[in-house]
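First the structure, in the form of structure tokens, and then the observations on it.
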Amino acid sequence: MRALYIIVPSLAILVVAYRYYSAFIAAKVMVLDDARVTPAHAKSDGANYFPTSKWVLFGHHFAAIAGAGPLVGPVLAAQFGYLPGLMWLVAGVCLAGAVQDSFWLWASVRRGGRSLSDIARTEVGPIAGVTAGIAILMILIIAMAGLGLAVVNALADSAWAAFTIFMTIPLALVMGFYMFKWRPGSVKEATVVGVTVMFLAVVFGKNVAESSFGQWFTLSHHGVTLAMGLYTIAAAILPVWMLLTPRAYLSTFMKIGTIAFLVVGVMILNPELKAPAFSGYIYGGGPIIPGQLFPFVFITIACGAISGFHALVSTGTTSKMIDRETDIRPIGYGAMLIEGVVGIVALITASALHPGDYYAINTSPAVFANLNIPIVNLPELQSEVGEVVAGRPGGAVSLAVGMAQIFSGLPGMRGLMAYWYHFAIMFEAVFILTTIDSGTRIGRFLLQEFGGRVWKPFARTDWLPGSIISTVLIVLAWGYFIWTGNISTVWPMFGVANQLLAVVAFAVGTTLVINMGRAKYAWVTFLPLCFLTVTTLTAGFLNIRDSYWPMAIGPDPTLTTQGYVNSICTGIMMLLSIIILIATSHRSLSVLTGKVPALSPAAAEV
């Protein structure tokens, strides 16, 4: 199979979905109206509520949602063959992922920029609100651990990659002050300078790495984790215009530009997919993800098709910056479709590697030795990129190798494999870090919201001590899982957590639609809810039975604690999700049977 036969039909389907399905949802379910005042204007405070132009906010939102999932997930899912992942990416992003993102962006905008858990409390009931809040906080922490682990594996012991990522931080600070304080409205000037400096950081990163300064950027796995935690604390506390938004906006140019370039490169080279349509691991026992095709392909790909984390971004930060309601459609639905494209291209790139090279990178040497699969191009690839890439599991490294292979195959690009590889690593890390800093900020809001019920001043987002305490607690929580885990244990748990959050979002969303008296359109959220509930609860049960509990009671004492923690966390998340499903079902049935009156759309949105 050639790549062209996959990417062209996939892009066509996404375009049709945006043109027709998103327009249907915007007109019938949301009824978007620019005459309404958005929270960004009504509550403008210059820090969290901040009216932002459509394209800058598109960049912020896309950068926040597009983390490791659409990059790493499809790469890991290539273990099952390219066809299962491709089918889920295309169908899932059109019918579920983009629907959820745009729906919750609209729901939060109509309700003053409130969070998902707060909306659940008023739309469903206090029990659902508290349960949703606890579930969201737990799931968010585990999701960020899964995303962060990919960054750690990609940047560890690579001074060149670490330097390029570090440079984006002071650059974003300067851009933030330039665009919003020194010369407001000068977006184009800042963009040109920012993108130029970012590319120069990649080019000269090699010189820095080879100089005496290289030792300062050569970090271990734990060193990268600590550095990432310190950066995230700053990004989550500072005003959004100062670091979070400009860095997200800047990185979006590189993200979308790189993906567009990669799509063009794939079309020009039209590489043959070396991976089979279905591999022998569809029945389980795979060296990367040990589970079978169903249900693990759905939780492995995660963000590329649908991500519950996106509902938190939509209700946590983006809804507070929407300038006018019609911006919801391109930002909510459109940005998710672009993420679907990222997932499709990542899957193609991984599938273009020879299976032996793919597994040699994504498994430990001990595991690969038992596979009896020959290596084809790996020694040559390692020589060209200038680093050892074998035994670097997690998906990020193999994706960077595949991208570099495609880019260096284009006319005039021969001999630039090392630069393209490190550019790809920066591309991936920027993707993921922007999601983590936004997620940590959202977690900070949620934790402050909870704390405010005990002591009201803690809920104030402008109170610095509360912001610092809540942020540090969130970072310590997701940092624990990165510090102690690995990709084979953290990523499946991340996938289950992420999709359970989508279950919560669709369950509350379905109730919200019914509450507003628009029950005839409830199928838009109800059908994805049914599918995700079955696949994710099944995957969570299998994770506990086949992976985490055997670790807890197994002979290796170093894995006992991790096994117990993973089992308990997964079990609690599943239980909380079931409680929310029961509560939302009860509320919805009460409205549908007339026991409880449906609220008018206007009343429901107060």
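Numbering starts fresh at 1 for the residues of each chain in the structure tokens, the chains themselves are lettered A, B, ... in the order given, and ligands are numbered from 1 as they appear.
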If you run DSSP on the backbone, which residues of region 161-249 of chain A are helix (DSSP H, G or I), as a PDB file with C-alpha atoms, in the first residue's frame?
ATOM      1  CA  ALA A 161      17.011  18.766  21.506  1.00  0.00           C
ATOM      2  CA  ALA A 162      16.975  20.208  25.037  1.00  0.00           C
ATOM      3  CA  PHE A 163      18.603  23.475  23.900  1.00  0.00           C
ATOM      4  CA  THR A 164      16.064  24.067  21.132  1.00  0.00           C
ATOM      5  CA  ILE A 165      13.164  23.529  23.525  1.00  0.00           C
ATOM      6  CA  PHE A 166      14.701  25.783  26.177  1.00  0.00           C
ATOM      7  CA  MET A 167      15.025  28.627  23.671  1.00  0.00           C
ATOM      8  CA  THR A 168      11.268  28.695  23.044  1.00  0.00           C
ATOM      9  CA  ILE A 169      10.643  29.876  26.625  1.00  0.00           C
ATOM     10  CA  PRO A 170      12.463  33.268  26.645  1.00  0.00           C
ATOM     11  CA  LEU A 171      11.366  33.750  23.047  1.00  0.00           C
ATOM     12  CA  ALA A 172       7.707  33.324  24.047  1.00  0.00           C
ATOM     13  CA  LEU A 173       8.110  35.785  26.944  1.00  0.00           C
ATOM     14  CA  VAL A 174       9.485  38.458  24.623  1.00  0.00           C
ATOM     15  CA  MET A 175       6.718  37.812  22.087  1.00  0.00           C
ATOM     16  CA  GLY A 176       4.058  38.040  24.784  1.00  0.00           C
ATOM     17  CA  PHE A 177       5.200  41.469  25.959  1.00  0.00           C
ATOM     18  CA  TYR A 178       5.687  42.637  22.366  1.00  0.00           C
ATOM     19  CA  MET A 179       2.247  41.546  21.085  1.00  0.00           C
ATOM     20  CA  PHE A 180       0.152  42.458  24.118  1.00  0.00           C
ATOM     21  CA  LYS A 181       1.993  45.267  25.963  1.00  0.00           C
ATOM     22  CA  TRP A 182       4.716  47.028  23.956  1.00  0.00           C
ATOM     23  CA  VAL A 187       1.017  39.974  15.679  1.00  0.00           C
ATOM     24  CA  LYS A 188       2.608  39.694  12.214  1.00  0.00           C
ATOM     25  CA  GLU A 189       5.895  41.332  13.249  1.00  0.00           C
ATOM     26  CA  ALA A 190       6.233  39.147  16.337  1.00  0.00           C
ATOM     27  CA  THR A 191       5.342  36.047  14.341  1.00  0.00           C
ATOM     28  CA  VAL A 192       8.019  36.588  11.698  1.00  0.00           C
ATOM     29  CA  VAL A 193      10.738  37.223  14.290  1.00  0.00           C
ATOM     30  CA  GLY A 194       9.582  34.386  16.550  1.00  0.00           C
ATOM     31  CA  VAL A 195       9.435  31.737  13.840  1.00  0.00           C
ATOM     32  CA  THR A 196      12.847  32.827  12.484  1.00  0.00           C
ATOM     33  CA  VAL A 197      14.522  32.619  15.895  1.00  0.00           C
ATOM     34  CA  MET A 198      12.925  29.240  16.548  1.00  0.00           C
ATOM     35  CA  PHE A 199      14.368  27.763  13.378  1.00  0.00           C
ATOM     36  CA  LEU A 200      17.764  29.286  14.139  1.00  0.00           C
ATOM     37  CA  ALA A 201      17.662  27.508  17.508  1.00  0.00           C
ATOM     38  CA  VAL A 202      17.397  24.198  15.660  1.00  0.00           C
ATOM     39  CA  VAL A 203      20.221  25.037  13.265  1.00  0.00           C
ATOM     40  CA  PHE A 204      22.661  26.260  15.909  1.00  0.00           C
ATOM     41  CA  GLY A 205      21.586  23.719  18.509  1.00  0.00           C
ATOM     42  CA  LYS A 206      24.160  21.341  17.096  1.00  0.00           C
ATOM     43  CA  ASN A 207      26.961  23.836  17.731  1.00  0.00           C
ATOM     44  CA  VAL A 208      25.776  24.419  21.293  1.00  0.00           C
ATOM     45  CA  ALA A 209      25.545  20.688  21.948  1.00  0.00           C
ATOM     46  CA  GLU A 210      29.095  20.127  20.707  1.00  0.00           C
ATOM     47  CA  GLY A 214      26.431  21.205  25.867  1.00  0.00           C
ATOM     48  CA  GLN A 215      26.836  19.674  29.309  1.00  0.00           C
ATOM     49  CA  TRP A 216      24.300  22.156  30.709  1.00  0.00           C
ATOM     50  CA  PHE A 217      21.659  20.820  28.340  1.00  0.00           C
ATOM     51  CA  HIS A 221      15.344  11.290  32.495  1.00  0.00           C
ATOM     52  CA  HIS A 222      14.887  12.661  36.002  1.00  0.00           C
ATOM     53  CA  GLY A 223      16.613  15.911  35.038  1.00  0.00           C
ATOM     54  CA  VAL A 224      14.182  16.476  32.167  1.00  0.00           C
ATOM     55  CA  THR A 225      11.275  15.709  34.509  1.00  0.00           C
ATOM     56  CA  LEU A 226      12.461  18.312  37.023  1.00  0.00           C
ATOM     57  CA  ALA A 227      13.067  20.950  34.350  1.00  0.00           C
ATOM     58  CA  MET A 228       9.657  20.303  32.831  1.00  0.00           C
ATOM     59  CA  GLY A 229       8.037  20.660  36.252  1.00  0.00           C
ATOM     60  CA  LEU A 230       9.717  24.014  36.947  1.00  0.00           C
ATOM     61  CA  TYR A 231       8.728  25.400  33.541  1.00  0.00           C
ATOM     62  CA  THR A 232       5.142  24.202  33.950  1.00  0.00           C
ATOM     63  CA  ILE A 233       4.784  25.869  37.358  1.00  0.00           C
ATOM     64  CA  ALA A 234       5.784  29.203  35.826  1.00  0.00           C
ATOM     65  CA  ALA A 235       3.525  28.798  32.788  1.00  0.00           C
ATOM     66  CA  ALA A 236       0.518  27.857  34.925  1.00  0.00           C
ATOM     67  CA  ILE A 237       0.869  30.818  37.298  1.00  0.00           C
ATOM     68  CA  LEU A 244       1.162  30.423  27.739  1.00  0.00           C
ATOM     69  CA  THR A 245      -0.600  32.083  24.797  1.00  0.00           C
ATOM     70  CA  PRO A 246       2.473  33.393  22.884  1.00  0.00           C
ATOM     71  CA  ARG A 247       4.307  30.086  23.267  1.00  0.00           C
ATOM     72  CA  ALA A 248       1.237  28.158  22.110  1.00  0.00           C
ATOM     73  CA  TYR A 249       0.710  30.576  19.221  1.00  0.00           C
TER      74      TYR A 249
END
Find the residues of region 106-217 of chain A that sit at most 12 Å from region 433-438 of chain A; for each, write down the nearest two atoms and how far apart they are in Å, to one decimal. Count only C-alpha atoms. Sort by chain, then by number going up, and give it as a tab-separated table.
residue	atom	partner	partner_atom	distance
A:Leu140	CA	A:Ile436	CA	9.8
A:Ile141	CA	A:Ile436	CA	9.7
A:Ile142	CA	A:Ile436	CA	11.1
A:Ala143	CA	A:Ile436	CA	9.0
A:Met144	CA	A:Ile436	CA	5.8
A:Ala145	CA	A:Ile436	CA	8.7
A:Gly146	CA	A:Ile436	CA	9.9
A:Leu147	CA	A:Ile436	CA	7.2
A:Gly148	CA	A:Ile436	CA	7.0
A:Leu149	CA	A:Leu433	CA	10.6
A:Ala150	CA	A:Leu433	CA	9.9
A:Val151	CA	A:Leu433	CA	7.5
A:Val152	CA	A:Leu433	CA	10.4
A:Ala154	CA	A:Leu433	CA	11.9
A:Leu155	CA	A:Leu433	CA	11.7
A:Ile165	CA	A:Leu433	CA	9.3
A:Phe166	CA	A:Leu433	CA	11.1
A:Thr168	CA	A:Leu433	CA	10.8
A:Ile169	CA	A:Leu433	CA	10.8
A:Ala172	CA	A:Thr434	CA	11.7
Determine the nearest neighbour of Ser212 (chain A) from the options A:Ala159, A:Met138, A:Ala369, A:Ile256, counting only C-alpha atoms. A:Ala159
Name all residues at most 12 Å from Thr258 (chain A) (count only C-alpha atoms; drop same-chain ones fewer than 4 positions away) and give them as a PyMOL selection string. chain A and resi 199+251-254+262-266+341-342+345-346+400+403-404+406-407+420+423-428+430-431
Quick one: residues within 8 Å of Ser577 (chain A), only C-alpha atoms, excluding same-chain residues fewer than 6 positions away - as an MDAnalysis selection string? chainID A and resid 132 135 500:501 503:504
How would the residues just chosen look if you wrote them out with N, CA, C and O atoms as a PDB file, in the first residue's frame?
ATOM      1  N   ALA A 132     -17.721  14.361  39.260  1.00  0.00           N
ATOM      2  CA  ALA A 132     -17.050  14.775  38.024  1.00  0.00           C
ATOM      3  C   ALA A 132     -15.777  15.542  38.326  1.00  0.00           C
ATOM      4  O   ALA A 132     -14.747  15.351  37.662  1.00  0.00           O
ATOM      5  N   ALA A 135     -13.125  13.034  39.450  1.00  0.00           N
ATOM      6  CA  ALA A 135     -12.725  12.218  38.296  1.00  0.00           C
ATOM      7  C   ALA A 135     -11.864  13.024  37.335  1.00  0.00           C
ATOM      8  O   ALA A 135     -10.831  12.544  36.847  1.00  0.00           O
ATOM      9  N   LEU A 500     -12.011   7.860  29.492  1.00  0.00           N
ATOM     10  CA  LEU A 500     -13.031   7.950  30.532  1.00  0.00           C
ATOM     11  C   LEU A 500     -13.481   9.390  30.717  1.00  0.00           C
ATOM     12  O   LEU A 500     -14.658   9.664  30.996  1.00  0.00           O
ATOM     13  N   LEU A 501     -12.566  10.315  30.569  1.00  0.00           N
ATOM     14  CA  LEU A 501     -12.931  11.725  30.653  1.00  0.00           C
ATOM     15  C   LEU A 501     -13.856  12.112  29.500  1.00  0.00           C
ATOM     16  O   LEU A 501     -14.791  12.904  29.664  1.00  0.00           O
ATOM     17  N   VAL A 503     -15.945  10.023  28.155  1.00  0.00           N
ATOM     18  CA  VAL A 503     -17.218   9.431  28.569  1.00  0.00           C
ATOM     19  C   VAL A 503     -17.971  10.397  29.484  1.00  0.00           C
ATOM     20  O   VAL A 503     -19.170  10.640  29.311  1.00  0.00           O
ATOM     21  N   VAL A 504     -17.268  10.956  30.468  1.00  0.00           N
ATOM     22  CA  VAL A 504     -17.876  11.929  31.380  1.00  0.00           C
ATOM     23  C   VAL A 504     -18.396  13.139  30.602  1.00  0.00           C
ATOM     24  O   VAL A 504     -19.519  13.610  30.820  1.00  0.00           O
TER      25      VAL A 504
END
Proximity to Asn543 (chain A) - best of A:Met493, A:Ala502, A:Ile331, A:Ala77, only C-alpha atoms: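 Among the listed residues, A:Met493 lies closest to Asn543 (chain A).
Using only C-alpha atoms for every distance, the candidate list A:Gly394, A:Glu384, A:Asn362, A:Val99 yields A:Val99 as the residue closest to Ile328 (chain A).
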